[in-house]
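The next block holds one structure in the form of structure tokens; read it before the comments.
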Amino acid sequence: MFALLFGIAMALVGKPGERLKGFFDDFNDVIMKLVVILMNLAPYGVFALMAKLFTETGLGMIAGLAKYFFLVLVVLIIHGLVVHPFLLSALARVKPGIFLKKMRDAQLFGFSTASSNATMPITLETVTKRLGVKNSVGSFTVPLGATINMDGTSIMQGVATVFIAQVYGLDLSVGDYLMVILTATLASVGTAGVPGVGLIMLAMVLQQVGLPVEGIGLIIGVDRLLDMTRTAVNVTGDAMVSCVVAKSEGDFDEDVYYDREAGKKLEDL
Ligand code: ASP
């Protein structure tokens, strides 16, 4: 709210607002450069963190890391292949197999770019041209979903928090678990649809339950493949919800969804 009002006031004051805008643009460039420097340093920092941890806890940590990796992967796959189709058939009452088949291109693009935002044009095209969602609904739900709907990301953040707590030997109470669920959901909403941001937002979840933020260093090494997989899940969620919303609004064309031809359409009439 503050940012919005500040922006409006900046636009209203004229020249001083423009000067301030120039300052923010420059500030943004400096911060972006800082991020690039930190990204280049990150591998060395992660190496040092992992080395310290392995010397303290032994190589058994690798087995723990492998368990974390496969658990996130399996849950993501179940979410994408079971939960999404189930919700689609329960709420939109259409056959989910067709949805999964048509989503393949968007999922592959999401997987290879690890960015919901970069995948947005393909998700939008799939949703409106192949799944039968009217443009008036899809052009709202898909960009909104690519920005705030990150179910795959929240799955990773939940599992990662529990994993980091276990590595540091900290017990989480039931209240902590509820806090993890709440903050992982909020953090995933705040996650930008670009590669790796889910891991940065994990810091918020860790802080909330009193875990050390350095814990992120433990999982950063195996995150790329998980990032790719959770992005594919994120874009599937965006498309699934678009279909459900379109159906509830009466803006869903089942002929397009089921690829019924024009002739068949007339017969139906
Ligand atoms: N890469 C994810 C996406 O774009 C966000 C994340 O979890 O890092 O959807």
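Chain identifiers are assigned as A, B, and so on, following the order in which chains appear in the structure tokens; residues are numbered from 1 within each chain, and ligands are numbered from 1 in order of appearance.
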
Legend entry - Env. residues ligand 1 / 10 Å / only C-alpha atoms and all ligand atoms / as a ChimeraX atom specification: /A:110-111,113-120,145-157,187-202,223-224,226-235

Please produce a file of the residues just selected, as a CSV table (one decimal), in the first residue's frame, where the atoms kept are C-alpha atoms.
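Final file, result-v3.csv:
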```
chain,number,residue,atom,x,y,z
A,110,GLY,CA,8.6,-24.7,-17.4
A,111,PHE,CA,10.9,-27.6,-16.6
A,113,THR,CA,13.5,-22.7,-18.1
A,114,ALA,CA,12.7,-23.1,-14.4
A,115,SER,CA,10.7,-19.9,-14.7
A,116,SER,CA,6.9,-19.6,-14.5
A,117,ASN,CA,7.1,-16.1,-15.9
A,118,ALA,CA,9.1,-17.2,-19.0
A,119,THR,CA,6.5,-20.0,-19.5
A,120,MET,CA,3.5,-17.6,-19.2
A,145,GLY,CA,-1.1,-17.6,-11.2
A,146,ALA,CA,2.4,-17.2,-12.6
A,147,THR,CA,3.0,-14.5,-10.0
A,148,ILE,CA,1.4,-15.9,-6.9
A,149,ASN,CA,0.4,-19.5,-7.4
A,150,MET,CA,3.5,-21.6,-6.6
A,151,ASP,CA,2.3,-24.8,-5.1
A,152,GLY,CA,5.4,-26.7,-6.1
A,153,THR,CA,7.5,-24.0,-4.4
A,154,SER,CA,5.6,-24.3,-1.2
A,155,ILE,CA,6.0,-28.1,-1.2
A,156,MET,CA,9.8,-27.6,-1.4
A,157,GLN,CA,9.8,-24.9,1.3
A,187,ALA,CA,6.6,-17.2,1.0
A,188,SER,CA,5.5,-19.1,-2.1
A,189,VAL,CA,3.0,-16.3,-2.9
A,190,GLY,CA,5.9,-13.8,-2.6
A,191,THR,CA,8.2,-15.9,-4.7
A,192,ALA,CA,8.9,-14.4,-8.2
A,193,GLY,CA,8.4,-16.7,-11.1
A,194,VAL,CA,12.1,-16.9,-12.0
A,195,PRO,CA,14.7,-19.5,-11.3
A,196,GLY,CA,15.9,-20.1,-7.7
A,197,VAL,CA,13.8,-17.5,-5.9
A,198,GLY,CA,11.9,-20.1,-3.9
A,199,LEU,CA,15.1,-20.9,-2.1
A,200,ILE,CA,15.7,-17.2,-1.2
A,201,MET,CA,12.1,-16.9,0.1
A,202,LEU,CA,12.8,-20.0,2.2
A,223,ASP,CA,18.1,-27.3,-5.9
A,224,ARG,CA,18.4,-26.8,-9.7
A,226,LEU,CA,14.0,-29.5,-8.0
A,227,ASP,CA,13.5,-25.9,-9.2
A,228,MET,CA,12.9,-27.2,-12.7
A,229,THR,CA,10.4,-29.8,-11.5
A,230,ARG,CA,8.5,-27.5,-9.2
A,231,THR,CA,8.2,-24.9,-12.0
A,232,ALA,CA,6.5,-27.5,-14.1
A,233,VAL,CA,4.2,-28.2,-11.2
A,234,ASN,CA,3.6,-24.5,-10.7
A,235,VAL,CA,2.5,-23.9,-14.3
```

Write out as JSON lines the residues of region 117-183 of chain A that have any atom within 10 Å of an atom of region 240-245 of chain A, one row each with the nearest atom pair and its distance in Å to one decimal, counting only C-alpha atoms, sorted by chain and then rising number.
```
{"residue": "A:Leu124", "atom": "CA", "partner": "A:Ser242", "partner_atom": "CA", "distance": 9.5}
{"residue": "A:Val127", "atom": "CA", "partner": "A:Ser242", "partner_atom": "CA", "distance": 7.4}
{"residue": "A:Thr128", "atom": "CA", "partner": "A:Ser242", "partner_atom": "CA", "distance": 9.3}
{"residue": "A:Leu131", "atom": "CA", "partner": "A:Cys243", "partner_atom": "CA", "distance": 7.5}
{"residue": "A:Gly132", "atom": "CA", "partner": "A:Cys243", "partner_atom": "CA", "distance": 7.9}
{"residue": "A:Val133", "atom": "CA", "partner": "A:Cys243", "partner_atom": "CA", "distance": 6.1}
{"residue": "A:Lys134", "atom": "CA", "partner": "A:Cys243", "partner_atom": "CA", "distance": 9.3}
{"residue": "A:Val137", "atom": "CA", "partner": "A:Ser242", "partner_atom": "CA", "distance": 7.2}
{"residue": "A:Gly138", "atom": "CA", "partner": "A:Ser242", "partner_atom": "CA", "distance": 6.1}
{"residue": "A:Ser139", "atom": "CA", "partner": "A:Ser242", "partner_atom": "CA", "distance": 9.4}
{"residue": "A:Phe140", "atom": "CA", "partner": "A:Ser242", "partner_atom": "CA", "distance": 8.8}
{"residue": "A:Thr141", "atom": "CA", "partner": "A:Ser242", "partner_atom": "CA", "distance": 5.7}
{"residue": "A:Val142", "atom": "CA", "partner": "A:Ser242", "partner_atom": "CA", "distance": 6.8}
{"residue": "A:Gly145", "atom": "CA", "partner": "A:Val241", "partner_atom": "CA", "distance": 8.3}
{"residue": "A:Asn149", "atom": "CA", "partner": "A:Val241", "partner_atom": "CA", "distance": 9.5}
```

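The neighbours of Ala48 (chain A) here are the residues that come within 12 Å of it, using only C-alpha atoms and leaving out any residue fewer than 6 positions away in the same chain; they are Leu41, Ala42, Phe54, Thr55, Glu214, Gly217 and Leu218 of chain A.
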
Inset, instruction - Considering only C-alpha atoms, return as number ranges by chain whatever protein or nucleic-acid residues lie within 12 Å of region 169-174 of chain A, sequence-local ones (same chain, fewer than 2 positions apart) excluded. - result: A: 57, 161-167, 176-181, 206, 208-212, 215

Those selected residues, please, written with N, CA, C and O atoms and delivered as a compact mmCIF listing (two decimals), in the first residue's frame.
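again_27.txt, freshly written:
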```
# COMPACT_ATOMS: atom_id res chain seq x y z
N THR A 57 29.34 -33.40 10.84
CA THR A 57 28.31 -34.45 10.95
C THR A 57 28.69 -35.74 10.22
O THR A 57 27.99 -36.74 10.34
N THR A 161 12.32 -27.01 5.17
CA THR A 161 12.36 -26.51 6.55
C THR A 161 12.49 -27.67 7.53
O THR A 161 13.31 -27.63 8.46
N VAL A 162 11.71 -28.72 7.31
CA VAL A 162 11.78 -29.87 8.22
C VAL A 162 13.16 -30.53 8.11
O VAL A 162 13.77 -30.90 9.12
N PHE A 163 13.67 -30.64 6.88
CA PHE A 163 14.99 -31.25 6.68
C PHE A 163 16.07 -30.44 7.41
O PHE A 163 16.90 -31.01 8.14
N ILE A 164 16.05 -29.13 7.26
CA ILE A 164 17.07 -28.29 7.90
C ILE A 164 16.96 -28.39 9.42
O ILE A 164 17.97 -28.48 10.13
N ALA A 165 15.73 -28.45 9.93
CA ALA A 165 15.54 -28.59 11.38
C ALA A 165 16.17 -29.89 11.86
O ALA A 165 16.83 -29.95 12.91
N GLN A 166 15.98 -30.96 11.06
CA GLN A 166 16.54 -32.27 11.46
C GLN A 166 18.07 -32.24 11.45
O GLN A 166 18.72 -32.77 12.34
N VAL A 167 18.64 -31.60 10.40
CA VAL A 167 20.10 -31.56 10.32
C VAL A 167 20.68 -30.83 11.53
O VAL A 167 21.69 -31.25 12.10
N ASP A 176 4.96 -25.16 15.48
CA ASP A 176 5.97 -24.84 14.46
C ASP A 176 5.55 -25.38 13.09
O ASP A 176 5.72 -24.71 12.07
N TYR A 177 5.01 -26.62 13.11
CA TYR A 177 4.60 -27.19 11.83
C TYR A 177 3.50 -26.35 11.18
O TYR A 177 3.51 -26.10 9.98
N LEU A 178 2.56 -25.89 12.02
CA LEU A 178 1.48 -25.06 11.47
C LEU A 178 2.06 -23.76 10.92
O LEU A 178 1.66 -23.25 9.87
N MET A 179 3.07 -23.23 11.66
CA MET A 179 3.73 -22.00 11.22
C MET A 179 4.45 -22.23 9.88
O MET A 179 4.42 -21.38 8.99
N VAL A 180 5.06 -23.42 9.74
CA VAL A 180 5.74 -23.74 8.49
C VAL A 180 4.73 -23.75 7.34
O VAL A 180 4.98 -23.19 6.27
N ILE A 181 3.58 -24.38 7.59
CA ILE A 181 2.55 -24.45 6.53
C ILE A 181 2.12 -23.04 6.13
O ILE A 181 2.08 -22.68 4.95
N LEU A 206 12.35 -20.09 7.43
CA LEU A 206 13.31 -20.56 8.43
C LEU A 206 13.35 -19.59 9.62
O LEU A 206 13.34 -20.00 10.78
N GLN A 208 11.06 -17.63 10.63
CA GLN A 208 9.80 -17.67 11.37
C GLN A 208 9.77 -18.77 12.43
O GLN A 208 9.20 -18.60 13.48
N VAL A 209 10.43 -19.91 12.12
CA VAL A 209 10.43 -21.00 13.11
C VAL A 209 11.76 -21.07 13.86
O VAL A 209 12.07 -22.06 14.51
N GLY A 210 12.57 -20.01 13.73
CA GLY A 210 13.80 -19.92 14.50
C GLY A 210 14.92 -20.84 14.05
O GLY A 210 15.73 -21.29 14.86
N LEU A 211 14.96 -21.14 12.74
CA LEU A 211 16.04 -21.99 12.22
C LEU A 211 17.11 -21.12 11.57
O LEU A 211 16.80 -20.04 11.06
N PRO A 212 18.37 -21.58 11.55
CA PRO A 212 19.43 -20.76 10.94
C PRO A 212 19.27 -20.65 9.43
O PRO A 212 19.07 -21.67 8.75
N GLY A 215 21.13 -22.67 6.73
CA GLY A 215 20.63 -24.00 6.34
C GLY A 215 20.36 -24.07 4.84
O GLY A 215 20.45 -25.15 4.25
```

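Distances from A:Ile219, A:Ala11, A:Gly58, A:Gln207 to Val72 (chain A) were compared using only C-alpha atoms, and the smallest one belongs to A:Ile219.
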
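The nearest approach to Tyr44 (chain A) among the residues A:Leu81, A:Val256, A:Phe70, A:Gly221, with only C-alpha atoms taken into account, belongs to A:Gly221.
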
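Among the candidate residues A:Lys33, A:Lys67, A:His84, A:Lys101, the one lying nearest to Tyr258 (chain A) is A:Lys101, with distances computed using only C-alpha atoms.
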